[in-house]
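Printed here is target-v7.cif (mmCIF, C-alpha atoms and all ligand atoms):
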data_query
loop_
_atom_site.label_atom_id
_atom_site.label_comp_id
_atom_site.auth_asym_id
_atom_site.auth_seq_id
_atom_site.Cartn_x
_atom_site.Cartn_y
_atom_site.Cartn_z
CA PRO A 1 0.00 0.00 0.00
CA THR A 2 1.10 3.54 -0.74
CA THR A 3 1.64 5.53 2.43
CA ILE A 4 3.49 8.53 1.01
CA SER A 5 2.52 9.99 -2.31
CA LEU A 6 4.10 13.10 -3.83
CA ALA A 7 2.74 14.37 -7.14
CA GLY A 8 4.31 17.32 -8.93
CA VAL A 9 5.86 18.53 -5.71
CA ALA A 10 7.92 21.69 -6.10
CA LYS A 11 9.65 23.99 -3.63
CA ARG A 12 11.76 27.09 -4.15
CA TYR A 13 13.63 29.18 -1.63
CA ARG A 14 13.89 32.69 -3.05
CA GLY A 15 16.10 32.11 -6.10
CA THR A 16 16.89 28.45 -5.47
CA THR A 17 14.87 25.53 -6.75
CA ALA A 18 15.05 22.83 -4.10
CA LEU A 19 12.47 20.45 -5.63
CA ASP A 20 11.49 20.75 -9.26
CA GLY A 21 8.32 18.71 -9.72
CA VAL A 22 8.84 15.41 -8.00
CA ASP A 23 6.53 12.40 -8.44
CA LEU A 24 7.24 9.61 -5.99
CA SER A 25 5.31 7.15 -3.93
CA PHE A 26 6.41 4.92 -1.12
CA GLY A 27 5.08 2.03 0.90
CA PRO A 28 6.43 -0.08 3.75
CA GLY A 29 10.14 -0.88 3.60
CA ILE A 30 13.27 1.23 3.60
CA THR A 31 14.04 3.62 0.76
CA GLY A 32 17.41 5.35 0.67
CA LEU A 33 17.50 8.97 -0.49
CA LEU A 34 20.81 9.76 -2.11
CA GLY A 35 22.29 12.67 -3.98
CA PRO A 36 24.90 15.39 -3.69
CA ASN A 37 24.60 18.25 -1.23
CA GLY A 38 21.85 20.60 -2.30
CA ALA A 39 19.99 17.87 -4.24
CA GLY A 40 16.77 18.40 -2.28
CA LYS A 41 16.84 15.44 0.11
CA THR A 42 16.24 17.48 3.26
CA THR A 43 13.50 19.49 1.57
CA LEU A 44 11.73 16.29 0.49
CA LEU A 45 11.93 14.86 4.02
CA ARG A 46 10.67 18.10 5.57
CA ILE A 47 7.67 18.12 3.24
CA ALA A 48 6.94 14.46 4.02
CA ALA A 49 7.24 15.29 7.73
CA THR A 50 4.73 18.17 7.31
CA VAL A 51 7.13 20.76 8.70
CA LEU A 52 7.26 22.42 5.27
CA ALA A 53 4.43 22.84 2.78
CA PRO A 54 5.31 22.61 -0.94
CA ASP A 55 4.74 25.57 -3.29
CA ALA A 56 3.03 23.28 -5.76
CA GLY A 57 1.93 19.68 -6.03
CA ASP A 58 -0.01 17.22 -3.92
CA VAL A 59 1.13 15.41 -0.82
CA ARG A 60 -0.80 12.46 0.55
CA LEU A 61 0.29 10.78 3.74
CA LEU A 62 -1.40 7.67 5.10
CA GLY A 63 -4.21 8.24 2.66
CA ARG A 64 -4.90 11.81 3.76
CA THR A 65 -4.49 15.03 1.79
CA LEU A 66 -3.52 17.29 4.73
CA ARG A 67 -6.14 19.84 3.79
CA SER A 68 -7.48 20.17 7.31
CA THR A 69 -5.77 20.75 10.62
CA GLU A 70 -7.49 17.56 11.82
CA ALA A 71 -5.81 15.53 9.05
CA LEU A 72 -2.44 17.16 9.73
CA HIS A 73 -2.70 16.41 13.42
CA ASP A 74 -3.68 12.79 12.83
CA VAL A 75 -0.77 12.24 10.45
CA ARG A 76 1.71 14.00 12.75
CA CYS A 77 0.82 11.65 15.58
CA ARG A 78 1.66 8.71 13.31
CA LEU A 79 4.98 9.86 11.93
CA GLY A 80 8.48 9.98 13.35
CA TYR A 81 10.94 12.55 12.06
CA LEU A 82 14.64 12.86 12.67
CA PRO A 83 15.63 16.30 11.35
CA GLN A 84 19.08 16.97 9.97
CA GLU A 85 19.78 19.07 13.03
CA MET A 86 17.74 18.43 16.12
CA GLY A 87 17.48 21.34 18.51
CA PHE A 88 17.55 20.25 22.15
CA PRO A 89 16.49 22.27 25.14
CA ARG A 90 19.95 22.04 26.67
CA THR A 91 18.89 21.77 30.30
CA PHE A 92 16.80 18.66 29.64
CA THR A 93 18.02 15.19 30.48
CA GLY A 94 17.87 12.61 27.71
CA PHE A 95 14.87 11.00 29.38
CA GLY A 96 13.20 14.37 29.90
CA PHE A 97 13.65 15.29 26.25
CA VAL A 98 12.18 12.08 24.84
CA ASP A 99 9.37 12.20 27.39
CA TYR A 100 8.58 15.76 26.34
CA MET A 101 8.38 14.65 22.70
CA ALA A 102 6.02 11.85 23.76
CA VAL A 103 3.77 14.43 25.42
CA LEU A 104 3.72 16.52 22.23
CA LYS A 105 2.68 13.43 20.31
CA GLU A 106 -0.16 12.91 22.78
CA TRP A 107 0.95 9.47 23.87
CA THR A 108 -2.25 7.69 24.78
CA GLN A 109 -1.48 4.19 23.72
CA ARG A 110 -1.17 0.75 25.27
CA ALA A 111 1.81 1.13 27.57
CA PRO A 112 2.40 3.88 30.14
CA ARG A 113 4.26 6.79 28.54
CA HIS A 114 7.41 6.35 30.63
CA ASP A 115 7.64 2.71 29.58
CA GLU A 116 7.60 3.79 25.95
CA VAL A 117 10.32 6.39 26.61
CA ARG A 118 12.47 3.73 28.25
CA ARG A 119 11.83 1.36 25.34
CA VAL A 120 13.07 3.78 22.66
CA LEU A 121 16.06 4.85 24.77
CA ALA A 122 17.05 1.19 25.09
CA LEU A 123 16.70 0.72 21.31
CA VAL A 124 19.41 3.33 20.73
CA ASP A 125 21.46 2.04 23.67
CA LEU A 126 21.06 5.19 25.74
CA ASP A 127 19.21 3.75 28.71
CA GLY A 128 22.36 4.02 30.83
CA LEU A 129 22.81 7.71 30.01
CA ALA A 130 19.19 8.82 30.17
CA THR A 131 19.58 10.82 33.38
CA LYS A 132 22.50 12.88 32.04
CA ARG A 133 21.81 16.34 30.68
CA VAL A 134 21.73 16.57 26.90
CA ARG A 135 24.49 19.19 26.86
CA THR A 136 26.92 16.71 28.44
CA LEU A 137 26.33 14.04 25.75
CA SER A 138 28.65 13.55 22.76
CA GLY A 139 27.53 14.38 19.22
CA GLY A 140 26.93 10.72 18.42
CA GLN A 141 24.96 10.22 21.63
CA ARG A 142 22.80 13.23 20.81
CA ARG A 143 22.19 11.83 17.34
CA ARG A 144 20.97 8.59 18.90
CA LEU A 145 18.77 10.57 21.28
CA ALA A 146 17.25 12.37 18.30
CA LEU A 147 16.59 9.01 16.68
CA ALA A 148 14.96 7.72 19.87
CA GLN A 149 12.26 10.41 19.77
CA ALA A 150 11.54 9.55 16.11
CA LEU A 151 10.90 5.93 17.11
CA LEU A 152 8.25 6.80 19.72
CA GLY A 153 5.06 4.84 19.20
CA GLU A 154 6.40 2.74 16.30
CA PRO A 155 5.23 5.31 13.74
CA SER A 156 3.83 4.21 10.38
CA LEU A 157 6.06 6.78 8.68
CA LEU A 158 9.68 7.18 9.70
CA LEU A 159 11.58 10.02 8.04
CA LEU A 160 15.26 10.07 8.85
CA ASP A 161 17.70 12.74 7.72
CA GLU A 162 21.19 11.24 7.98
CA PRO A 163 20.49 9.25 11.14
CA THR A 164 23.98 7.83 11.55
CA THR A 165 26.02 10.98 10.97
CA GLY A 166 28.53 11.34 13.79
CA VAL A 167 27.62 7.96 15.25
CA ASP A 168 30.61 5.68 15.85
CA PRO A 169 30.93 2.54 13.69
CA GLU A 170 30.01 0.07 16.44
CA GLN A 171 26.83 1.96 17.33
CA ARG A 172 26.04 2.38 13.64
CA VAL A 173 25.93 -1.38 13.17
CA ALA A 174 23.58 -1.66 16.16
CA LEU A 175 21.31 1.08 14.77
CA ARG A 176 21.05 -0.76 11.46
CA GLN A 177 19.25 -3.57 13.27
CA VAL A 178 16.81 -1.11 14.79
CA LEU A 179 16.12 0.50 11.41
CA SER A 180 15.86 -2.83 9.65
CA ARG A 181 13.19 -3.93 12.12
CA ALA A 182 11.33 -0.63 11.67
CA GLY A 183 11.32 -1.21 7.91
CA GLU A 184 9.40 -4.44 8.34
CA ARG A 185 6.27 -2.57 9.37
CA SER A 186 6.78 1.10 8.56
CA THR A 187 7.54 3.24 5.56
CA VAL A 188 11.08 4.45 6.15
CA LEU A 189 12.79 7.18 4.13
CA LEU A 190 16.45 7.44 4.95
CA SER A 191 18.72 10.13 3.60
CA THR A 192 22.35 9.18 3.95
CA HIS A 193 25.86 9.47 2.58
CA GLN A 194 26.82 6.11 4.07
CA THR A 195 26.93 3.58 1.23
CA GLU A 196 27.26 0.72 3.72
CA ASP A 197 23.95 1.74 5.31
CA VAL A 198 22.30 1.82 1.90
CA GLU A 199 23.62 -1.59 0.91
CA ALA A 200 22.72 -3.12 4.25
CA LEU A 201 19.26 -1.60 4.64
CA CYS A 202 17.58 -0.31 1.52
CA ASP A 203 15.36 -2.26 -0.84
CA ARG A 204 15.03 0.77 -3.04
CA VAL A 205 17.03 3.93 -3.64
CA VAL A 206 15.98 7.28 -5.02
CA VAL A 207 18.73 9.54 -6.26
CA LEU A 208 17.95 13.24 -6.37
CA ASP A 209 19.98 15.86 -8.18
CA ARG A 210 19.08 19.54 -8.38
CA GLY A 211 15.57 18.85 -7.24
CA ARG A 212 14.78 16.09 -9.71
CA VAL A 213 14.63 12.32 -9.48
CA ARG A 214 17.65 10.93 -11.37
CA PHE A 215 17.28 7.28 -10.41
CA ASP A 216 14.61 5.22 -8.72
CA GLY A 217 15.13 1.51 -8.40
CA ALA A 218 16.85 -1.37 -6.71
CA VAL A 219 20.19 -0.86 -4.99
CA THR A 220 21.73 -3.56 -7.17
CA ASP A 221 20.77 -1.66 -10.33
CA LEU A 222 22.27 1.54 -8.95
CA VAL A 223 25.54 -0.23 -8.23
CA ALA A 224 25.46 -1.65 -11.75
CA THR A 225 25.02 1.79 -13.37
CA ALA A 226 27.47 3.61 -11.09
P1 LIG A 301 20.13 18.25 0.43
O1 LIG A 301 19.46 17.80 1.67
O2 LIG A 301 20.07 17.25 -0.67
O3 LIG A 301 21.53 18.74 0.68
P2 LIG A 301 18.37 20.58 0.59
O4 LIG A 301 16.97 20.14 0.47
O5 LIG A 301 18.91 20.90 1.94
O6 LIG A 301 19.31 19.51 -0.14
O7 LIG A 301 18.59 21.87 -0.30
C1 LIG A 301 18.15 21.98 -1.67
C2 LIG A 301 18.49 23.36 -2.18
O8 LIG A 301 17.71 24.34 -1.48
C3 LIG A 301 19.95 23.76 -1.97
O9 LIG A 301 20.35 24.54 -3.08
C4 LIG A 301 19.90 24.58 -0.72
O10 LIG A 301 20.96 25.52 -0.70
C5 LIG A 301 18.56 25.27 -0.82
N1 LIG A 301 17.97 25.56 0.50
C6 LIG A 301 17.61 24.65 1.42
N2 LIG A 301 17.07 25.25 2.51
C7 LIG A 301 17.09 26.58 2.27
C8 LIG A 301 16.65 27.74 2.99
N3 LIG A 301 16.08 27.65 4.19
N4 LIG A 301 16.84 28.96 2.41
C9 LIG A 301 17.40 29.05 1.18
N5 LIG A 301 17.82 28.01 0.44
C10 LIG A 301 17.67 26.79 0.96
P1 LIG A 302 -7.39 25.03 4.33
O1 LIG A 302 -7.47 25.82 3.03
O2 LIG A 302 -8.54 24.10 4.56
O3 LIG A 302 -7.02 25.86 5.51
P2 LIG A 302 -4.68 24.36 3.81
O4 LIG A 302 -4.30 23.72 2.50
O5 LIG A 302 -4.40 25.81 3.99
O6 LIG A 302 -6.20 24.01 4.09
O7 LIG A 302 -3.95 23.53 4.95
C1 LIG A 302 -4.26 23.67 6.32
C2 LIG A 302 -2.98 23.76 7.09
O8 LIG A 302 -2.16 22.69 6.71
C3 LIG A 302 -2.23 25.04 6.80
O9 LIG A 302 -1.63 25.48 8.00
C4 LIG A 302 -1.15 24.58 5.80
O10 LIG A 302 -0.01 25.38 5.89
C5 LIG A 302 -0.88 23.19 6.29
N1 LIG A 302 -0.37 22.25 5.30
C6 LIG A 302 -0.96 21.80 4.19
N2 LIG A 302 -0.18 20.91 3.55
C7 LIG A 302 0.94 20.80 4.27
C8 LIG A 302 2.15 20.04 4.15
N3 LIG A 302 2.39 19.18 3.13
N4 LIG A 302 3.08 20.19 5.09
C9 LIG A 302 2.90 21.03 6.10
N5 LIG A 302 1.78 21.76 6.28
C10 LIG A 302 0.82 21.66 5.39
#

What does the file become when written as structure tokens?
Ligand code: ADP
Ligand code: ADP
Amino acid sequence: PTTISLAGVAKRYRGTTALDGVDLSFGPGITGLLGPNGAGKTTLLRIAATVLAPDAGDVRLLGRTLRSTEALHDVRCRLGYLPQEMGFPRTFTGFGFVDYMAVLKEWTQRAPRHDEVRRVLALVDLDGLATKRVRTLSGGQRRRLALAQALLGEPSLLLLDEPTTGVDPEQRVALRQVLSRAGERSTVLLSTHQTEDVEALCDRVVVLDRGRVRFDGAVTDLVATA
């Protein structure tokens, strides 16, 4: 089933064309988003995460057109987004930050909220550091904390902007397992420069260049044409 559908999606920032009429649809599984800096990857992820509206084109997420605040709210509660740069309230502890994000997502499900926070912190191997303040964590630890909040509630849509940047190799291998499991039930879009992550995780890759889709297919075919 299609869970993300972009039709004729375009976005400009003053003089710069970031997306130039993109038609793409995605369903469950992991799609890698590749392309040089400035290709439009972050813009595409921000539009799919509903933090940016396109100038033109149609966006459908989980079957909804986002034309009402009710639809937007519903979709936002069912998506996880790891932005390229996550801003943290610096006085928060890791636990406090993820818990705060769970409150914003109106956690009302099955397990008590704090259990869910502990679950996602354990997934990124931060349960031992959860009581430390965010400002005392390393860059890689903060990246994992940012990923933890995206995993809250096992979202149907998981939009990840370079999730493993700054994460050390050992932790990166561990995170691959977490992402691989997420891809079994969710639609995961993963922008990355790590070719090992793409080869290990992605069924499909989309290559963007100057706001257009240059390749869309299986990883093996991309390797063959490279
Ligand atoms: P990528 O993630 O592939 O590096 P982006 O989506 O970040 O690409 O950027 C696409 C283009 O849009 C680039 O030329 C970039 O400089 C430009 N751009 C992105 N965000 C802004 C912004 N807030 N203001 C102006 N230009 C921007
Ligand atoms: P209406 O005309 O019914 O108010 P809009 O198309 O203006 O509907 O959308 C309602 C709200 O949803 C507005 O705040 C708009 O900016 C926002 N919105 C619509 N599409 C998106 C999107 N893809 N990403 C983020 N916000 C969106």

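One finds CA of Ala102 (chain A) at 6.8 Å from CA of Leu152 (chain A).
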
Please build the interface table for chain A against ligand LIG 302 (chain A) with a cut-off of 12 Å, listing for each qualifying residue the nearest atom pair and the distance in Å to one decimal; count only C-alpha atoms and all ligand atoms, order rows by chain and increasing number, and write it as a tab-separated table.
residue	atom	partner	partner_atom	distance
A:Ile4	CA	A:LIG302	N3	10.9
A:Ser5	CA	A:LIG302	N3	10.7
A:Leu6	CA	A:LIG302	N3	9.4
A:Ala7	CA	A:LIG302	N3	11.3
A:Val9	CA	A:LIG302	N3	9.5
A:Ala10	CA	A:LIG302	N3	11.0
A:Lys11	CA	A:LIG302	N3	11.0
A:Thr43	CA	A:LIG302	N4	11.0
A:Leu44	CA	A:LIG302	N3	10.1
A:Leu45	CA	A:LIG302	N4	10.4
A:Arg46	CA	A:LIG302	N4	7.9
A:Ile47	CA	A:LIG302	N4	5.4
A:Ala48	CA	A:LIG302	N3	6.6
A:Ala49	CA	A:LIG302	N4	6.9
A:Thr50	CA	A:LIG302	N4	3.4
A:Val51	CA	A:LIG302	C9	5.0
A:Leu52	CA	A:LIG302	C9	4.7
A:Ala53	CA	A:LIG302	N4	3.8
A:Pro54	CA	A:LIG302	N3	6.1
A:Asp55	CA	A:LIG302	N3	9.4
A:Ala56	CA	A:LIG302	N3	9.8
A:Gly57	CA	A:LIG302	N3	9.2
A:Asp58	CA	A:LIG302	N3	7.7
A:Val59	CA	A:LIG302	N3	5.6
A:Arg60	CA	A:LIG302	N3	7.9
A:Leu61	CA	A:LIG302	N3	8.7
A:Arg64	CA	A:LIG302	N2	10.3
A:Thr65	CA	A:LIG302	N2	7.5
A:Leu66	CA	A:LIG302	N2	5.1
A:Arg67	CA	A:LIG302	O6	4.2
A:Ser68	CA	A:LIG302	C1	4.9
A:Thr69	CA	A:LIG302	C1	5.4
A:Glu70	CA	A:LIG302	C1	8.8
A:Ala71	CA	A:LIG302	O8	8.4
A:Leu72	CA	A:LIG302	O8	6.3
A:His73	CA	A:LIG302	O8	9.2
A:Asp74	CA	A:LIG302	O8	11.7
A:Val75	CA	A:LIG302	N4	10.3
A:Arg76	CA	A:LIG302	C9	9.7

* Exercise answer, 9 Å around ligand LIG 301 (chain A) with only C-alpha atoms and all ligand atoms, as JSON, numbers by chain -> {"A": [11, 12, 13, 14, 15, 16, 17, 18, 19, 33, 34, 35, 36, 37, 38, 39, 40, 41, 42, 43, 44, 45, 46, 84, 161, 191, 208, 209, 210, 211]}

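Our summary of the geometry notes that CA of Pro89 (chain A) is positioned 27.1 Å from CA of Ala182 (chain A).
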
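For the atom pair formed by CA of Ala130 (chain A) and CA of Leu160 (chain A), the distance is 21.7 Å, given to one decimal.
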